[in-house]
Amino acid sequence: MKTYSFHFLILLLCIGSVSCKDASEKKKVDPFENSQNVENTEYSKSDFLEKITEGSAEIVPGKSIGKIRVGDKPENLYEKLGNPDKGQAGMCKSMSQWIYGKNSQKSLIVFTECDPDDEMRPHILWIRTSDRTFKTKNNLGVESSTKEIETNFPNMKIIGSYRDTLTNQKIVIKNAQAAGITFELEKQKDGTCRAVMVNEKGKPPHIAYFSFYPDLELEN
């Protein structure tokens, strides 16, 4: 696996330190902005989806997206998927992004962190997809309507928002903490879902989940 810069670690330390930035600003920078792209020649992009799904494209809140599971050790992840197209790593934290599909419109992001309860071995903390192939058992996922999602997850809480850099649309991040799932939804009426993230049930999204959004604004 390629060794990436330590910018991401510095970003996390700044987020947690009052001296780095006033929390009232509620802004984060994109750790992928100046990261080194990795040319992925180890596998064919056309079969990348199959490597994630292995025949199952289900989103299980709090547990998994396809065959990528929260809590798993990532030893075989890079061997299976190839080097990520973008990534940051340092001090037992790693965020990797694979970009695939026609016109590179889809992405998979996996965040891992060392677990002190497992001799500091890395484990997957959260998984994010922007691929509409993946659906929950209720057929929810990317391109589902806000109404459909809110009907199935009525107690979601808005935890932040950002603007799409290409369309300038406002995107609202809504989290169903008890279920372990987060949706990124277009703010306008009847807006659709742009991405889905899963993490352990009952826990809020890890702070690193927000760090790659430009112009992020967190809710109070």
# chains A, B, ... in the order shown; residues from 1 in each chain; ligands from 1
$ select_by_dssp --residues "stretch 88-126 of chain A" --states "helix (DSSP H, G or I)" --output "list in words"
Lys102, Asn103, Ser104, Pro116, Asp117 and Asp118 of chain A
$ residues_around --residues "stretch 126-141 of chain A" --least-positions-apart "3" --cutoff "7 Å" --atoms "only C-alpha atoms" --output "MDAnalysis selection string"
chainID A and resid 57:60 65 70 106:111 144 149 193:199
$ write_last_selection --atoms "all heavy atoms" --output "compact mmCIF listing (two decimals), in the first residue's frame"
# COMPACT_ATOMS: atom_id res chain seq x y z
N ALA A 57 -25.36 -6.22 -3.26
CA ALA A 57 -25.20 -4.77 -3.25
C ALA A 57 -26.10 -4.14 -2.19
O ALA A 57 -26.62 -3.04 -2.36
CB ALA A 57 -25.53 -4.19 -4.63
N GLU A 58 -26.27 -4.82 -1.06
CA GLU A 58 -27.16 -4.33 -0.01
C GLU A 58 -26.44 -3.39 0.93
O GLU A 58 -25.28 -3.59 1.28
CB GLU A 58 -27.73 -5.49 0.80
CG GLU A 58 -28.75 -5.04 1.85
CD GLU A 58 -29.35 -6.20 2.62
OE1 GLU A 58 -28.94 -7.35 2.41
OE2 GLU A 58 -30.24 -5.93 3.46
N ILE A 59 -27.14 -2.33 1.32
CA ILE A 59 -26.70 -1.44 2.39
C ILE A 59 -27.37 -1.93 3.67
O ILE A 59 -28.61 -1.98 3.74
CB ILE A 59 -27.08 0.02 2.13
CG1 ILE A 59 -26.38 0.56 0.89
CG2 ILE A 59 -26.75 0.89 3.35
CD1 ILE A 59 -26.86 1.94 0.47
N VAL A 60 -26.60 -2.28 4.66
CA VAL A 60 -27.14 -2.69 5.95
C VAL A 60 -26.75 -1.61 6.95
O VAL A 60 -25.58 -1.50 7.32
CB VAL A 60 -26.61 -4.06 6.41
CG1 VAL A 60 -27.24 -4.44 7.74
CG2 VAL A 60 -26.88 -5.12 5.35
N ILE A 65 -21.77 -1.98 3.51
CA ILE A 65 -22.16 -1.60 2.16
C ILE A 65 -21.54 -2.64 1.25
O ILE A 65 -20.31 -2.76 1.16
CB ILE A 65 -21.68 -0.20 1.77
CG1 ILE A 65 -22.41 0.86 2.62
CG2 ILE A 65 -21.91 0.07 0.29
CD1 ILE A 65 -21.99 2.29 2.32
N VAL A 70 -18.34 -2.60 8.45
CA VAL A 70 -17.87 -1.82 9.60
C VAL A 70 -17.31 -2.77 10.65
O VAL A 70 -17.93 -3.80 10.97
CB VAL A 70 -19.02 -0.98 10.18
CG1 VAL A 70 -18.58 -0.30 11.49
CG2 VAL A 70 -19.49 0.06 9.18
N LYS A 106 -18.81 7.67 -9.75
CA LYS A 106 -19.11 6.93 -8.53
C LYS A 106 -17.86 6.84 -7.66
O LYS A 106 -16.74 6.84 -8.16
CB LYS A 106 -19.60 5.53 -8.87
CG LYS A 106 -20.83 5.51 -9.77
CD LYS A 106 -21.14 4.13 -10.26
CE LYS A 106 -22.31 4.13 -11.24
NZ LYS A 106 -22.58 2.77 -11.78
N SER A 107 -18.09 6.73 -6.36
CA SER A 107 -16.94 6.60 -5.47
C SER A 107 -17.28 5.77 -4.25
O SER A 107 -18.43 5.67 -3.83
CB SER A 107 -16.43 7.98 -5.02
OG SER A 107 -17.34 8.58 -4.12
N LEU A 108 -16.24 5.14 -3.71
CA LEU A 108 -16.32 4.42 -2.46
C LEU A 108 -15.25 5.00 -1.55
O LEU A 108 -14.10 5.14 -1.96
CB LEU A 108 -16.06 2.93 -2.68
CG LEU A 108 -15.92 2.08 -1.41
CD1 LEU A 108 -17.29 1.82 -0.80
CD2 LEU A 108 -15.22 0.75 -1.72
N ILE A 109 -15.62 5.38 -0.32
CA ILE A 109 -14.66 5.89 0.64
C ILE A 109 -14.71 5.02 1.89
O ILE A 109 -15.79 4.71 2.40
CB ILE A 109 -14.95 7.36 1.01
CG1 ILE A 109 -14.86 8.24 -0.24
CG2 ILE A 109 -13.98 7.85 2.07
CD1 ILE A 109 -15.18 9.70 0.00
N VAL A 110 -13.54 4.62 2.36
CA VAL A 110 -13.44 3.78 3.56
C VAL A 110 -12.49 4.45 4.54
O VAL A 110 -11.38 4.85 4.16
CB VAL A 110 -12.92 2.37 3.20
CG1 VAL A 110 -12.72 1.55 4.48
CG2 VAL A 110 -13.89 1.66 2.25
N PHE A 111 -12.94 4.59 5.79
CA PHE A 111 -12.10 5.17 6.83
C PHE A 111 -11.77 4.10 7.86
O PHE A 111 -12.65 3.40 8.36
CB PHE A 111 -12.81 6.34 7.52
CG PHE A 111 -11.99 6.96 8.63
CD1 PHE A 111 -10.96 7.84 8.34
CD2 PHE A 111 -12.24 6.63 9.95
CE1 PHE A 111 -10.19 8.40 9.36
CE2 PHE A 111 -11.48 7.19 10.98
CZ PHE A 111 -10.45 8.08 10.67
N SER A 144 -32.65 7.96 -4.19
CA SER A 144 -33.96 7.87 -3.52
C SER A 144 -34.39 9.28 -3.13
O SER A 144 -33.55 10.16 -2.91
CB SER A 144 -33.86 7.00 -2.26
OG SER A 144 -33.59 5.66 -2.59
N ILE A 149 -36.86 8.47 2.09
CA ILE A 149 -35.88 8.22 3.15
C ILE A 149 -36.43 8.64 4.51
O ILE A 149 -36.32 7.91 5.49
CB ILE A 149 -34.56 8.94 2.83
CG1 ILE A 149 -33.90 8.28 1.61
CG2 ILE A 149 -33.62 8.92 4.04
CD1 ILE A 149 -32.73 9.04 1.06
N CYS A 193 -31.16 11.77 -2.84
CA CYS A 193 -29.98 11.41 -2.07
C CYS A 193 -28.76 11.39 -2.98
O CYS A 193 -28.80 10.84 -4.09
CB CYS A 193 -30.19 10.04 -1.44
SG CYS A 193 -28.78 9.41 -0.50
N ARG A 194 -27.66 11.96 -2.50
CA ARG A 194 -26.41 12.00 -3.26
C ARG A 194 -25.42 10.94 -2.81
O ARG A 194 -24.59 10.48 -3.60
CB ARG A 194 -25.76 13.38 -3.11
CG ARG A 194 -26.52 14.52 -3.77
CD ARG A 194 -26.41 14.44 -5.28
NE ARG A 194 -26.77 15.70 -5.88
CZ ARG A 194 -25.93 16.71 -6.09
NH1 ARG A 194 -24.67 16.60 -5.71
NH2 ARG A 194 -26.33 17.82 -6.66
N ALA A 195 -25.45 10.59 -1.53
CA ALA A 195 -24.50 9.61 -0.99
C ALA A 195 -25.03 9.02 0.30
O ALA A 195 -25.89 9.63 0.97
CB ALA A 195 -23.13 10.26 -0.75
N VAL A 196 -24.52 7.85 0.65
CA VAL A 196 -24.94 7.15 1.87
C VAL A 196 -23.68 6.71 2.62
O VAL A 196 -22.72 6.23 2.01
CB VAL A 196 -25.80 5.91 1.54
CG1 VAL A 196 -26.23 5.20 2.83
CG2 VAL A 196 -27.02 6.29 0.71
N MET A 197 -23.72 6.86 3.94
CA MET A 197 -22.60 6.41 4.78
C MET A 197 -23.14 5.55 5.91
O MET A 197 -24.21 5.84 6.46
CB MET A 197 -21.86 7.62 5.37
CG MET A 197 -20.58 7.26 6.13
SD MET A 197 -20.84 6.83 7.86
CE MET A 197 -21.15 8.43 8.58
N VAL A 198 -22.42 4.49 6.25
CA VAL A 198 -22.80 3.66 7.39
C VAL A 198 -21.66 3.60 8.39
O VAL A 198 -20.48 3.61 8.02
CB VAL A 198 -23.22 2.22 6.98
CG1 VAL A 198 -24.42 2.24 6.06
CG2 VAL A 198 -22.06 1.46 6.35
N ASN A 199 -22.01 3.58 9.67
CA ASN A 199 -21.05 3.38 10.74
C ASN A 199 -21.76 2.61 11.86
O ASN A 199 -22.93 2.25 11.71
CB ASN A 199 -20.47 4.71 11.25
CG ASN A 199 -21.51 5.57 11.93
OD1 ASN A 199 -22.53 5.91 11.32
ND2 ASN A 199 -21.26 5.94 13.17
$ closest_residue --among "A:Asn76, A:Ser56, A:Ser96, A:Asn83" --to "A:Phe212" --atoms "only C-alpha atoms"
A:Ser96
$ select_by_dssp --residues "stretch 36-166 of chain A" --states "strand (DSSP E or B)" --output "number ranges by chain"
A: 58-60, 64-65, 68-69, 86-90, 93-100, 106-115, 121-129, 135, 145, 157-163
$ atom_distance --atom1 "atom CA of A:Gln88" --atom2 "atom CA of A:Thr112"
10.7 Å
$ closest_residue --among "A:Leu218, A:Val142, A:Met91, A:Ile207" --to "A:Val172" --atoms "only C-alpha atoms"
A:Leu218
$ residues_around --residues "A:Arg121" --least-positions-apart "2" --cutoff "12 Å" --atoms "only C-alpha atoms" --output "PyMOL selection string"
chain A and resi 71-75+91-93+112-119+123-124
$ write_last_selection --atoms "N, CA and C atoms" --output "PDB file, in the first residue's frame"
ATOM      1  N   GLY A  71     -16.148  -2.444  11.189  1.00  0.00           N
ATOM      2  CA  GLY A  71     -15.542  -3.259  12.226  1.00  0.00           C
ATOM      3  C   GLY A  71     -14.547  -4.273  11.710  1.00  0.00           C
ATOM      4  N   ASP A  72     -14.572  -4.555  10.409  1.00  0.00           N
ATOM      5  CA  ASP A  72     -13.629  -5.523   9.856  1.00  0.00           C
ATOM      6  C   ASP A  72     -12.207  -4.968   9.837  1.00  0.00           C
ATOM      7  N   LYS A  73     -11.254  -5.858   9.892  1.00  0.00           N
ATOM      8  CA  LYS A  73      -9.862  -5.473   9.691  1.00  0.00           C
ATOM      9  C   LYS A  73      -9.633  -5.320   8.180  1.00  0.00           C
ATOM     10  N   PRO A  74      -8.923  -4.283   7.781  1.00  0.00           N
ATOM     11  CA  PRO A  74      -8.802  -3.996   6.348  1.00  0.00           C
ATOM     12  C   PRO A  74      -7.596  -4.642   5.661  1.00  0.00           C
ATOM     13  N   GLU A  75      -7.021  -5.684   6.250  1.00  0.00           N
ATOM     14  CA  GLU A  75      -5.806  -6.257   5.679  1.00  0.00           C
ATOM     15  C   GLU A  75      -5.951  -6.600   4.194  1.00  0.00           C
ATOM     16  N   MET A  91      -0.634   7.988  11.650  1.00  0.00           N
ATOM     17  CA  MET A  91      -0.906   7.722  13.062  1.00  0.00           C
ATOM     18  C   MET A  91      -2.143   6.859  13.253  1.00  0.00           C
ATOM     19  N   CYS A  92      -2.157   5.724  12.553  1.00  0.00           N
ATOM     20  CA  CYS A  92      -3.232   4.736  12.718  1.00  0.00           C
ATOM     21  C   CYS A  92      -4.581   5.196  12.196  1.00  0.00           C
ATOM     22  N   LYS A  93      -4.610   6.216  11.356  1.00  0.00           N
ATOM     23  CA  LYS A  93      -5.846   6.651  10.721  1.00  0.00           C
ATOM     24  C   LYS A  93      -5.636   6.649   9.214  1.00  0.00           C
ATOM     25  N   THR A 112     -10.482   3.965   8.183  1.00  0.00           N
ATOM     26  CA  THR A 112     -10.042   3.000   9.183  1.00  0.00           C
ATOM     27  C   THR A 112      -9.279   3.704  10.296  1.00  0.00           C
ATOM     28  N   GLU A 113      -9.316   3.103  11.475  1.00  0.00           N
ATOM     29  CA  GLU A 113      -8.584   3.642  12.612  1.00  0.00           C
ATOM     30  C   GLU A 113      -8.154   2.484  13.506  1.00  0.00           C
ATOM     31  N   CYS A 114      -7.016   2.642  14.168  1.00  0.00           N
ATOM     32  CA  CYS A 114      -6.520   1.593  15.060  1.00  0.00           C
ATOM     33  C   CYS A 114      -7.437   1.449  16.274  1.00  0.00           C
ATOM     34  N   ASP A 115      -7.646   0.216  16.682  1.00  0.00           N
ATOM     35  CA  ASP A 115      -8.533  -0.096  17.798  1.00  0.00           C
ATOM     36  C   ASP A 115      -7.691  -0.469  19.018  1.00  0.00           C
ATOM     37  N   PRO A 116      -7.739   0.339  20.090  1.00  0.00           N
ATOM     38  CA  PRO A 116      -6.945   0.033  21.288  1.00  0.00           C
ATOM     39  C   PRO A 116      -7.377  -1.260  21.965  1.00  0.00           C
ATOM     40  N   ASP A 117      -8.602  -1.715  21.686  1.00  0.00           N
ATOM     41  CA  ASP A 117      -9.076  -2.970  22.267  1.00  0.00           C
ATOM     42  C   ASP A 117      -8.617  -4.193  21.469  1.00  0.00           C
ATOM     43  N   ASP A 118      -7.937  -3.946  20.340  1.00  0.00           N
ATOM     44  CA  ASP A 118      -7.442  -5.039  19.512  1.00  0.00           C
ATOM     45  C   ASP A 118      -5.965  -4.817  19.181  1.00  0.00           C
ATOM     46  N   GLU A 119      -5.192  -4.497  20.216  1.00  0.00           N
ATOM     47  CA  GLU A 119      -3.752  -4.309  20.084  1.00  0.00           C
ATOM     48  C   GLU A 119      -3.396  -3.308  18.987  1.00  0.00           C
ATOM     49  N   HIS A 123      -9.205  -1.006  12.129  1.00  0.00           N
ATOM     50  CA  HIS A 123     -10.536  -1.522  11.821  1.00  0.00           C
ATOM     51  C   HIS A 123     -11.296  -0.469  11.016  1.00  0.00           C
ATOM     52  N   ILE A 124     -12.252  -0.930  10.217  1.00  0.00           N
ATOM     53  CA  ILE A 124     -13.062  -0.012   9.415  1.00  0.00           C
ATOM     54  C   ILE A 124     -14.096   0.656  10.315  1.00  0.00           C
TER      55      ILE A 124
END
$ closest_residue --among "A:Ser94, A:Glu184, A:Gly87, A:Pro154" --to "A:Leu125" --atoms "only C-alpha atoms"
A:Ser94
$ closest_residue --among "A:Glu143, A:Lys51, A:Lys189, A:Lys63" --to "A:Trp98" --atoms "only C-alpha atoms"
A:Lys51
